[in-house]
Every structure is written in C-alpha cells, then in structure tokens.
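S.K.: Just so it is clear, I am handing over upload21.txt, which has compact mmCIF, C-alpha atoms.
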```
# COMPACT_ATOMS: atom_id res chain seq x y z
CA MET A 1 20.53 -8.19 34.09
CA LYS A 2 21.11 -4.80 32.49
CA LYS A 3 23.41 -6.29 29.86
CA THR A 4 20.95 -9.04 28.95
CA ARG A 5 18.09 -6.60 28.49
CA ALA A 6 20.24 -4.39 26.26
CA LEU A 7 20.84 -7.33 23.93
CA ILE A 8 17.12 -8.02 23.80
CA THR A 9 16.23 -4.43 22.93
CA THR A 10 18.62 -4.40 19.97
CA ALA A 11 16.94 -7.46 18.49
CA LEU A 12 14.86 -7.48 15.35
CA ILE A 13 11.12 -7.86 15.82
CA LEU A 14 9.01 -9.72 13.31
CA THR A 15 5.31 -9.05 12.95
CA TRP A 16 3.11 -11.38 10.97
CA LEU A 17 0.23 -9.78 9.07
CA LEU A 18 -2.00 -12.19 7.20
CA PRO A 19 -4.57 -10.70 4.82
CA ILE A 20 -6.26 -12.96 2.27
CA ALA A 21 -5.99 -16.58 1.15
CA LEU A 22 -3.90 -17.56 -1.86
CA LYS A 23 -3.59 -21.01 -3.37
CA ALA A 24 -0.08 -22.53 -3.26
CA GLU A 25 0.17 -22.77 -7.05
CA ASP A 26 -0.21 -18.99 -7.35
CA GLN A 27 3.16 -18.36 -5.71
CA GLN A 28 5.25 -21.09 -7.28
CA PRO A 29 8.29 -20.48 -9.53
CA ALA A 30 8.09 -20.93 -13.28
CA ASN A 31 9.55 -24.44 -13.66
CA PRO A 32 9.80 -26.05 -10.23
CA PRO A 33 11.01 -29.63 -9.76
CA ASP A 34 8.47 -32.30 -8.87
CA TRP A 35 9.77 -32.73 -5.32
CA TRP A 36 9.09 -29.03 -4.67
CA LYS A 37 5.55 -29.23 -6.06
CA ASP A 38 4.92 -32.28 -3.87
CA SER A 39 6.18 -30.37 -0.83
CA MET A 40 3.71 -27.54 -1.45
CA VAL A 41 0.69 -29.83 -1.24
CA ASN A 42 0.94 -29.65 2.56
CA LEU A 43 1.77 -25.94 2.72
CA ASP A 44 -1.28 -24.96 4.79
CA GLN A 45 -0.67 -27.73 7.33
CA ARG A 46 2.93 -26.79 8.03
CA MET A 47 2.13 -23.07 8.07
CA LYS A 48 -0.62 -23.38 10.67
CA TRP A 49 1.49 -22.67 13.77
CA TRP A 50 3.24 -19.83 11.95
CA GLU A 51 -0.05 -18.25 10.89
CA ASP A 52 -1.47 -18.62 14.38
CA SER A 53 1.65 -17.12 15.99
CA ARG A 54 1.57 -13.75 14.19
CA PHE A 55 4.24 -12.15 16.40
CA GLY A 56 7.78 -13.30 17.12
CA LEU A 57 11.27 -12.26 18.13
CA PHE A 58 14.15 -12.29 15.64
CA MET A 59 17.63 -11.71 17.09
CA HIS A 60 20.87 -10.90 15.31
CA TRP A 61 23.58 -11.96 17.74
CA GLY A 62 27.07 -13.17 16.95
CA ALA A 63 30.78 -12.35 16.85
CA TYR A 64 30.05 -8.89 15.42
CA SER A 65 28.14 -8.10 18.65
CA VAL A 66 31.48 -8.14 20.48
CA LEU A 67 32.77 -5.30 18.28
CA GLY A 68 29.53 -3.36 18.60
CA GLY A 69 30.20 -1.31 15.48
CA GLU A 70 33.86 -0.41 16.12
CA TYR A 71 37.09 -1.83 14.71
CA ASN A 72 40.53 -0.38 15.51
CA GLY A 73 39.03 2.97 16.42
CA GLN A 74 36.87 3.16 13.29
CA LYS A 75 33.22 3.77 14.14
CA GLN A 76 30.61 2.18 11.93
CA VAL A 77 27.78 4.70 12.09
CA GLY A 78 24.55 4.35 10.13
CA ALA A 79 25.39 0.94 8.66
CA TYR A 80 24.87 -2.75 9.33
CA ALA A 81 26.91 -3.58 12.43
CA GLU A 82 26.83 -7.26 11.48
CA HIS A 83 28.63 -6.38 8.22
CA ILE A 84 31.60 -4.79 9.94
CA ALA A 85 33.97 -7.49 8.67
CA THR A 86 33.37 -6.47 5.06
CA LYS A 87 33.12 -2.76 5.82
CA TYR A 88 36.73 -2.69 7.05
CA LYS A 89 37.98 -5.85 5.29
CA ILE A 90 39.01 -7.36 8.61
CA PRO A 91 41.51 -10.22 8.19
CA LYS A 92 40.30 -13.49 9.65
CA LYS A 93 43.14 -13.50 12.18
CA ASP A 94 42.03 -10.09 13.51
CA TYR A 95 38.36 -11.04 13.45
CA ILE A 96 39.14 -14.06 15.60
CA GLU A 97 41.34 -12.09 18.00
CA GLN A 98 38.96 -9.15 18.41
CA ALA A 99 35.52 -10.66 17.88
CA ALA A 100 34.87 -14.38 17.34
CA GLY A 101 37.50 -15.51 19.82
CA LYS A 102 35.91 -13.35 22.50
CA PHE A 103 32.32 -14.51 22.05
CA ARG A 104 31.86 -15.87 25.58
CA PRO A 105 28.76 -14.10 26.99
CA GLU A 106 28.88 -15.65 30.47
CA LYS A 107 25.82 -13.68 31.66
CA PHE A 108 23.67 -15.05 28.84
CA ASP A 109 20.43 -16.43 30.28
CA ALA A 110 18.30 -18.26 27.71
CA ASP A 111 15.52 -18.78 30.25
CA GLU A 112 15.22 -15.04 30.85
CA TRP A 113 15.30 -14.19 27.15
CA VAL A 114 12.52 -16.62 26.31
CA ARG A 115 10.40 -15.56 29.29
CA LEU A 116 10.69 -11.92 28.21
CA ALA A 117 9.55 -12.84 24.70
CA LYS A 118 6.68 -14.94 26.00
CA ASN A 119 5.52 -12.22 28.37
CA ALA A 120 5.54 -9.76 25.46
CA GLY A 121 3.07 -12.01 23.61
CA MET A 122 5.55 -13.53 21.18
CA LYS A 123 4.96 -17.09 20.03
CA PHE A 124 8.29 -17.99 18.43
CA ILE A 125 11.97 -17.05 18.38
CA VAL A 126 14.41 -16.94 15.46
CA ILE A 127 18.12 -16.33 16.08
CA THR A 128 21.23 -16.13 13.91
CA ALA A 129 22.80 -19.59 14.13
CA LYS A 130 25.27 -18.43 11.46
CA HIS A 131 25.40 -15.01 9.87
CA HIS A 132 27.41 -13.96 6.79
CA ASP A 133 30.71 -13.98 8.69
CA GLY A 134 30.35 -17.76 9.01
CA PHE A 135 30.78 -17.85 12.79
CA CYS A 136 28.39 -20.32 14.44
CA ILE A 137 26.95 -19.43 17.84
CA TYR A 138 26.57 -23.15 18.47
CA ASP A 139 28.86 -26.17 18.63
CA SER A 140 28.89 -27.42 15.04
CA LYS A 141 30.46 -30.68 13.91
CA TYR A 142 31.16 -29.22 10.47
CA THR A 143 33.40 -26.24 11.28
CA ASP A 144 35.88 -25.07 13.88
CA PHE A 145 34.73 -21.47 13.41
CA ASP A 146 32.24 -21.70 16.26
CA VAL A 147 31.74 -21.11 19.98
CA LYS A 148 33.54 -24.29 21.02
CA ASP A 149 36.68 -24.25 18.88
CA THR A 150 37.22 -20.55 18.15
CA ALA A 151 35.73 -18.88 21.23
CA LYS A 152 36.80 -21.77 23.49
CA TRP A 153 33.47 -21.56 25.30
CA ASP A 154 32.02 -24.64 26.94
CA ARG A 155 28.39 -23.55 26.54
CA ASP A 156 26.07 -23.84 23.55
CA PRO A 157 23.70 -20.83 23.51
CA LEU A 158 21.64 -22.25 20.67
CA LYS A 159 21.00 -25.47 22.57
CA GLU A 160 20.08 -23.48 25.67
CA LEU A 161 17.64 -21.33 23.70
CA ALA A 162 16.06 -24.36 22.05
CA ALA A 163 15.54 -25.95 25.47
CA ALA A 164 14.05 -22.75 26.90
CA CYS A 165 11.66 -22.43 23.96
CA LYS A 166 10.50 -25.98 24.53
CA LYS A 167 10.06 -25.26 28.24
CA TYR A 168 7.88 -22.19 27.67
CA GLY A 169 6.03 -23.45 24.60
CA LEU A 170 7.54 -21.16 21.95
CA HIS A 171 8.45 -22.35 18.48
CA PHE A 172 12.16 -22.26 17.63
CA GLY A 173 13.78 -21.18 14.38
CA VAL A 174 17.13 -19.95 13.12
CA TYR A 175 18.53 -17.48 10.66
CA TYR A 176 21.10 -19.32 8.57
CA SER A 177 23.26 -17.61 5.94
CA HIS A 178 23.49 -20.34 3.29
CA ALA A 179 24.91 -18.24 0.45
CA GLN A 180 27.44 -16.00 2.20
CA ASP A 181 30.17 -17.30 4.51
CA TRP A 182 32.94 -14.74 4.28
CA TYR A 183 35.75 -16.51 6.11
CA ASP A 184 35.33 -19.77 4.22
CA PRO A 185 37.85 -20.07 1.34
CA ASP A 186 35.24 -21.63 -0.99
CA ASN A 187 32.65 -18.90 -0.53
CA VAL A 188 32.20 -15.27 -1.65
CA VAL A 189 32.77 -11.57 -0.84
CA ASN A 190 36.09 -11.95 1.02
CA ASN A 191 38.68 -10.82 -1.53
CA TRP A 192 41.22 -9.68 1.07
CA ASP A 193 41.97 -13.08 2.63
CA TYR A 194 41.08 -15.08 -0.50
CA ASN A 195 40.65 -14.51 -4.21
CA ASN A 196 36.87 -14.82 -3.94
CA PRO A 197 34.27 -12.99 -6.08
CA ASN A 198 32.79 -9.85 -4.53
CA LYS A 199 30.04 -9.10 -7.06
CA LYS A 200 26.58 -10.64 -6.74
CA ASP A 201 26.40 -11.72 -10.40
CA TRP A 202 29.78 -13.47 -10.44
CA TYR A 203 28.31 -16.84 -11.52
CA LEU A 204 26.69 -15.29 -14.62
CA GLN A 205 30.10 -14.59 -16.14
CA ASP A 206 31.36 -17.00 -18.79
CA THR A 207 34.95 -17.14 -17.55
CA PRO A 208 37.33 -19.86 -16.29
CA TYR A 209 37.38 -18.05 -12.94
CA ALA A 210 33.59 -18.26 -12.57
CA ALA A 211 33.55 -21.92 -13.63
CA LEU A 212 36.22 -22.75 -11.06
CA HIS A 213 34.45 -20.88 -8.30
CA LYS A 214 31.16 -22.63 -9.03
CA LYS A 215 32.96 -25.89 -8.23
CA MET A 216 34.33 -24.31 -5.06
CA MET A 217 30.83 -23.19 -4.04
CA GLN A 218 29.51 -26.68 -4.70
CA ASN A 219 32.19 -27.97 -2.36
CA TYR A 220 31.09 -25.43 0.25
CA VAL A 221 27.45 -26.50 -0.04
CA ASN A 222 28.34 -30.20 0.25
CA ARG A 223 30.87 -29.71 3.02
CA LYS A 224 29.18 -27.12 5.22
CA ALA A 225 25.82 -25.61 4.23
CA ILE A 226 23.81 -28.79 3.73
CA PRO A 227 25.38 -30.69 6.68
CA GLN A 228 24.72 -27.73 8.99
CA VAL A 229 21.12 -27.36 7.86
CA LYS A 230 20.56 -31.03 8.69
CA GLU A 231 22.48 -30.63 11.95
CA LEU A 232 20.29 -27.75 13.06
CA ILE A 233 17.15 -29.75 12.33
CA ASN A 234 18.29 -33.03 13.87
CA ASP A 235 20.27 -31.77 16.88
CA TYR A 236 18.47 -28.52 17.72
CA GLY A 237 14.88 -29.18 16.70
CA VAL A 238 14.70 -26.20 14.33
CA GLU A 239 11.16 -25.66 13.04
CA MET A 240 11.87 -22.72 10.75
CA PHE A 241 14.77 -21.45 8.63
CA TRP A 242 15.25 -17.80 7.76
CA PHE A 243 17.72 -17.97 4.87
CA ASP A 244 19.25 -14.85 3.36
CA THR A 245 20.99 -13.28 0.33
CA ALA A 246 20.49 -16.22 -2.01
CA VAL A 247 21.51 -13.97 -4.91
CA TRP A 248 25.17 -14.59 -4.04
CA MET A 249 24.79 -18.27 -4.97
CA PRO A 250 23.89 -19.95 -8.30
CA MET A 251 20.24 -21.01 -8.40
CA ASP A 252 20.96 -24.73 -8.61
CA LEU A 253 22.93 -24.57 -5.36
CA ARG A 254 20.21 -22.59 -3.60
CA VAL A 255 17.68 -25.27 -4.52
CA GLN A 256 20.03 -28.00 -3.27
CA VAL A 257 20.02 -26.41 0.19
CA LEU A 258 16.24 -26.16 0.20
CA LYS A 259 15.85 -29.77 -0.92
CA ALA A 260 18.16 -30.93 1.89
CA ALA A 261 16.07 -29.05 4.44
CA ARG A 262 12.85 -30.53 3.07
CA GLU A 263 14.25 -34.07 3.11
CA ALA A 264 15.49 -33.70 6.68
CA LYS A 265 12.19 -32.25 7.93
CA PRO A 266 9.25 -32.12 5.47
CA ASP A 267 7.28 -29.68 7.63
CA VAL A 268 10.12 -27.20 8.26
CA ILE A 269 9.12 -23.67 7.29
CA VAL A 270 11.45 -21.71 4.99
CA ASN A 271 11.35 -18.07 3.99
CA GLN A 272 11.35 -16.54 0.52
CA ARG A 273 15.08 -15.80 0.54
CA VAL A 274 16.13 -19.44 0.42
CA ALA A 275 16.06 -19.52 -3.39
CA GLY A 276 13.78 -16.73 -4.50
CA GLY A 277 14.88 -14.62 -7.41
CA GLU A 278 14.74 -14.73 -11.14
CA ASP A 279 12.81 -18.02 -11.16
CA GLY A 280 10.15 -17.08 -8.62
CA ASN A 281 9.68 -17.93 -4.97
CA TYR A 282 10.59 -21.37 -3.63
CA GLY A 283 9.87 -20.41 -0.02
CA ASP A 284 6.72 -20.95 2.00
CA TYR A 285 5.87 -17.28 2.35
CA ILE A 286 6.63 -13.81 1.05
CA GLY A 287 8.96 -11.44 2.90
CA GLY A 288 8.67 -7.69 2.77
CA PRO A 289 11.56 -5.22 2.60
CA ASP A 290 13.88 -4.76 5.58
CA ILE A 291 12.69 -2.12 8.05
CA PRO A 292 9.70 -0.77 6.09
CA MET A 293 8.17 2.57 7.08
CA VAL A 294 4.75 1.41 5.89
CA PHE A 295 3.29 -1.99 4.99
CA SER A 296 1.86 -2.27 1.51
CA PRO A 297 -1.05 -4.63 0.75
CA HIS A 298 -0.17 -8.21 -0.21
CA LYS A 299 -2.29 -10.64 -2.17
CA GLU A 300 -0.46 -13.61 -0.65
CA ARG A 301 -1.90 -15.33 2.39
CA TYR A 302 1.46 -15.86 4.09
CA TRP A 303 3.76 -12.86 4.39
CA GLU A 304 5.93 -11.17 6.98
CA ALA A 305 7.05 -7.67 7.86
CA ILE A 306 10.47 -7.42 9.50
CA GLN A 307 11.04 -4.43 11.73
CA SER A 308 14.24 -3.61 13.59
CA THR A 309 14.42 -1.57 16.76
CA ASP A 310 17.49 0.10 15.23
CA SER A 311 16.83 2.24 12.16
CA HIS A 312 20.19 1.33 10.56
CA SER A 313 21.35 -2.04 11.85
CA TRP A 314 20.24 -5.53 12.83
CA GLY A 315 23.23 -6.43 15.00
CA TYR A 316 24.24 -4.49 18.10
CA ASN A 317 25.88 -1.12 17.40
CA LYS A 318 26.91 0.89 20.44
CA PHE A 319 26.84 4.11 18.40
CA ASP A 320 23.15 3.81 17.52
CA ASP A 321 21.67 4.66 20.92
CA GLN A 322 20.14 7.88 19.57
CA ILE A 323 18.42 6.27 16.60
CA ARG A 324 16.73 3.32 18.24
CA ARG A 325 13.01 3.15 17.74
CA SER A 326 10.94 3.70 20.85
CA PRO A 327 8.65 1.04 22.34
CA SER A 328 5.64 3.22 21.47
CA TYR A 329 6.74 3.41 17.82
CA MET A 330 7.22 -0.37 17.64
CA LEU A 331 3.84 -0.94 19.28
CA ARG A 332 2.07 1.31 16.77
CA MET A 333 3.77 -0.53 13.90
CA LEU A 334 2.64 -3.86 15.31
CA VAL A 335 -0.95 -2.68 15.73
```
Let me see the structure of the file written as structure tokens.
M.R.:
Amino acid sequence: MKKTRALITTALILTWLLPIALKAEDQQPANPPDWWKDSMVNLDQRMKWWEDSRFGLFMHWGAYSVLGGEYNGQKQVGAYAEHIATKYKIPKKDYIEQAAGKFRPEKFDADEWVRLAKNAGMKFIVITAKHHDGFCIYDSKYTDFDVKDTAKWDRDPLKELAAACKKYGLHFGVYYSHAQDWYDPDNVVNNWDYNNPNKKDWYLQDTPYAALHKKMMQNYVNRKAIPQVKELINDYGVEMFWFDTAVWMPMDLRVQVLKAAREAKPDVIVNQRVAGGEDGNYGDYIGGPDIPMVFSPHKERYWEAIQSTDSHSWGYNKFDDQIRRSPSYMLRMLV
C-alpha cells in the first residue's frame, strides 16, 4: 500500500482552466490540409467531456521509475528522472538489465489508483504508454521493447488501468512519445548506440546524412509510431493522446501521426504538441509551459496547465523527497 501511494504522489497533476470561447478557425495553422479543417468542424463536440472534466491525473511511469534517478552510483539531482538514459548515455543492454528488464511492479493495483483519483475529484487519467526511451508499459504487437518481451511480465498495466477507468467512469488517455524513441535505431538522440542525430534541427540541414535519416524516420513512423497509435485506440480504448517533443521530427511526419489518429478515431482528443510549431497548432487545445509558477491569461477556450508534484522531474526520483510540492501548495494552484 505504501509503495503504491508513493507512486501516485510523484505523478503529474493536470488542471484544466477554461476562460473564454474561441472559434476553431482562430487557432488553426497557416496552411492546413483539408482533412484537418474537416476534423475541426466537430471540435466543440469532441472537447465536451474534456471541458467538463477540468481536473485529471497525469502519471509518468516507466522503466526509468525502476532507476529512480540513479545509475551506477551517479545521482541525478534536479533534473528529469525520465531522461536518465540520455543524461548518462546508458547503453541499451544496460538499460534493459537495470531498468526495463526489471519493470515488474507486482504490487501495482489499477483499481486502487483509479479510486484514489476519483475520490480526489479527478475525471480522467493520462499515463505514459511510451515515453522517450521507447519502452512500452503495455503489451504491444509492434515492438519487443515492452512489458511482455523485455520485462517478461505477464500483466498489462495499461489494460488494467483502462478497465479500472471504465469501471469507475473516468476517461482514459495516454502520453505517447511519437517523435523521440531513443533505443530505436531509426529514431533520434541516441548517438552512443547508433549514429543518430542529437540536435533538434537535424532535418533542416541540407546534407546526405539528414536526407538518409529522414527516410529512416519515415520507416520508424510507418513501422512503429502509427501502428501503435492505432493499437492504443483500438485495443485500449484511448480517448485522448498527449503527444510530446514534436520538434524532433520533420513536420510532414508529425502530421502523418495526427492523421492516423484522426482516421482511427475521429473524436480522439490530441494536445498541441502533436505537430505544433513553426506552422501553428494542429492540436485540439493549447498547452502551457511545464510546471508554471503562475498561469497567464489565455484567449483560447481550450487550454491546460500542467503541474508536477516534483519541482524538477516528472518521473520518480528518489533524491527529490525534499523538493516535492506539498498538498496545500497543489490545492492552492488548482483553486
């Protein structure tokens, strides 16, 4: 029981603050494709449950949670615990042996987690189905870097959470890292296991290397990102996607992922980070900065404020006990 509650308290809390109405065309990108414009006609209908919910639970939980901010005696203090693989350039073999291969949380109780969220007044849950390390906390048909094949665990925590949400009447969504997947040879950032680009603007370079890697990223999108997005919708009933760090991927590939999600489930809600950037916002709502100290006014009708209980990290870091935000602080922020 104690262990389960500790995982809950290190989760990220989302608060929804909804000021004034804004027409859909006011937030569209400069030159959107027709299918996107058609999808925005029903924006208000698909956003209704989200707008009514206002308060939800967002959890960062994955292989990095096993390490808890420490690798081979090195303590990751004051930094993203979920980024520990890149912080110390952990080889995939070591990451499997020390983190992903040990992700078997036998005391995990989806029913308890969802009941705690419901009793706190939350109306939906979003959890990291796949973070930037590429490890899936569910049994995916499109990779062996997951709970079944790598961790050798016979449970599917994502399926258990989806069922518990349905049982208690909470909406269910996932965080899905579509642009970064460090331990995939066709992706980005990991330049210690592979010769992959580690600068965000890599695809803007007019070089043979960039041209080749664009083809590799297209292969990644076709082989993994799009199939998993459809898998999460069709097999897990995902109602919302929280995508992240689209800037690591060329714009045309970002839009391909969004289009696949829309085709699989027209009313699925997607955040700004799916393809937002130099060409505007393709998402359904605007997202504020991570862990803001204050909330600035927004003209948009649909926007979120994401607030972590840890002032430095989203994932669990055992060295951050002294810098966690108190319940009273979080309550004042929500109010």
S.K.: Around the point (24.5, -17.8, 28.1) in the file's coordinates, collect all residues with an atom within 10 Å, using only C-alpha atoms, and return them as a compact mmCIF listing (two decimals) with C-alpha atoms, keeping the file's coordinate frame.
M.R.:
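Dumped to point.txt:
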```
# COMPACT_ATOMS: atom_id res chain seq x y z
CA THR A 4 20.95 -9.04 28.95
CA ARG A 104 31.86 -15.87 25.58
CA PRO A 105 28.76 -14.10 26.99
CA GLU A 106 28.88 -15.65 30.47
CA LYS A 107 25.82 -13.68 31.66
CA PHE A 108 23.67 -15.05 28.84
CA ASP A 109 20.43 -16.43 30.28
CA ALA A 110 18.30 -18.26 27.71
CA ASP A 111 15.52 -18.78 30.25
CA TRP A 113 15.30 -14.19 27.15
CA ARG A 155 28.39 -23.55 26.54
CA ASP A 156 26.07 -23.84 23.55
CA PRO A 157 23.70 -20.83 23.51
CA LEU A 158 21.64 -22.25 20.67
CA GLU A 160 20.08 -23.48 25.67
CA LEU A 161 17.64 -21.33 23.70
```
S.K.: For segment 252-266 of chain A, find every residue with an atom within 9 Å (counting only C-alpha atoms), except residues of its own chain fewer than 4 positions away, and show them as a ChimeraX atom specification.
M.R.: /A:35-36,39,46,178-179,217-218,221,225-227,229-230,233-234,239,241,246-247,270,274-276,282-283
S.K.: One decimal, in Å: what's the spacing between atom CA of Asp320 of chain A and atom CA of Glu70 of chain A?
M.R.: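 Rounded to one decimal, the two atoms are 11.6 Å apart.
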S.K.: Tell me which of A:Ala99, A:Val335, A:Ile84, A:Ala164 sits closest to His132 of chain A, counting all atoms listed in the file.
M.R.: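 Checking each candidate against His132 of chain A, we get A:Ile84 as the closest.
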S.K.: Could you please give me, as a ChimeraX atom specification, the residues of protein, DNA or RNA lying at most 9 Å from (4.6, -30.5, 8.1) in the coordinate frame of the file, considering all atoms listed in the file?
M.R.: /A:42-47,265-269
S.K.: Which residue, A:Glu300, A:Trp153, A:Met240, A:Gln272, has the smallest gap to Gly287 of chain A when you use all atoms listed in the file?
M.R.: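 For Gly287 of chain A, the nearest of the candidates is A:Gln272.
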S.K.: Between atom CA of Leu67 of chain A and atom CA of Thr245 of chain A, what is the spacing in Å?
M.R.: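 A separation of 22.9 Å between them.
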S.K.: Using all atoms listed in the file, which residue out of A:Asp181, A:Asp186, A:Lys148, A:Val238 lies closest to Ala163 of chain A?
M.R.: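 Distance minimum relative to Ala163 of chain A lands on A:Val238.
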S.K.: How many Å lie between atom CA of Pro91 of chain A and atom CA of Trp192 of chain A, rounded to one decimal?
M.R.: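 Going from atom CA of Pro91 of chain A over to atom CA of Trp192 of chain A, I get 7.1 Å.
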S.K.: Please write a file for segment 146-165 of chain A, taken from the block I just shared, that holds C-alpha atoms and is laid out as an mmCIF file, in the first residue's frame.
M.R.:
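Wrote it out as decode.cif, contents follow:
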```cif
data_model
loop_
_atom_site.group_PDB
_atom_site.id
_atom_site.type_symbol
_atom_site.label_atom_id
_atom_site.label_comp_id
_atom_site.auth_asym_id
_atom_site.auth_seq_id
_atom_site.Cartn_x
_atom_site.Cartn_y
_atom_site.Cartn_z
ATOM 1 C CA ASP A 146 7.760 -3.743 -23.737
ATOM 2 C CA VAL A 147 6.487 -5.328 -20.530
ATOM 3 C CA LYS A 148 5.882 -8.721 -22.104
ATOM 4 C CA ASP A 149 9.053 -9.330 -24.104
ATOM 5 C CA THR A 150 11.675 -7.245 -22.293
ATOM 6 C CA ALA A 151 10.397 -7.279 -18.699
ATOM 7 C CA LYS A 152 8.984 -10.808 -19.084
ATOM 8 C CA TRP A 153 5.899 -9.754 -17.131
ATOM 9 C CA ASP A 154 2.600 -11.499 -17.747
ATOM 10 C CA ARG A 155 0.453 -8.491 -16.805
ATOM 11 C CA ASP A 156 -0.554 -5.479 -18.878
ATOM 12 C CA PRO A 157 -0.813 -2.417 -16.593
ATOM 13 C CA LEU A 158 -2.269 -0.256 -19.342
ATOM 14 C CA LYS A 159 -5.090 -2.712 -19.967
ATOM 15 C CA GLU A 160 -5.748 -2.927 -16.230
ATOM 16 C CA LEU A 161 -5.895 0.860 -15.930
ATOM 17 C CA ALA A 162 -8.212 1.166 -18.921
ATOM 18 C CA ALA A 163 -10.564 -1.394 -17.359
ATOM 19 C CA ALA A 164 -10.491 0.365 -13.987
ATOM 20 C CA CYS A 165 -11.256 3.720 -15.612
#
```
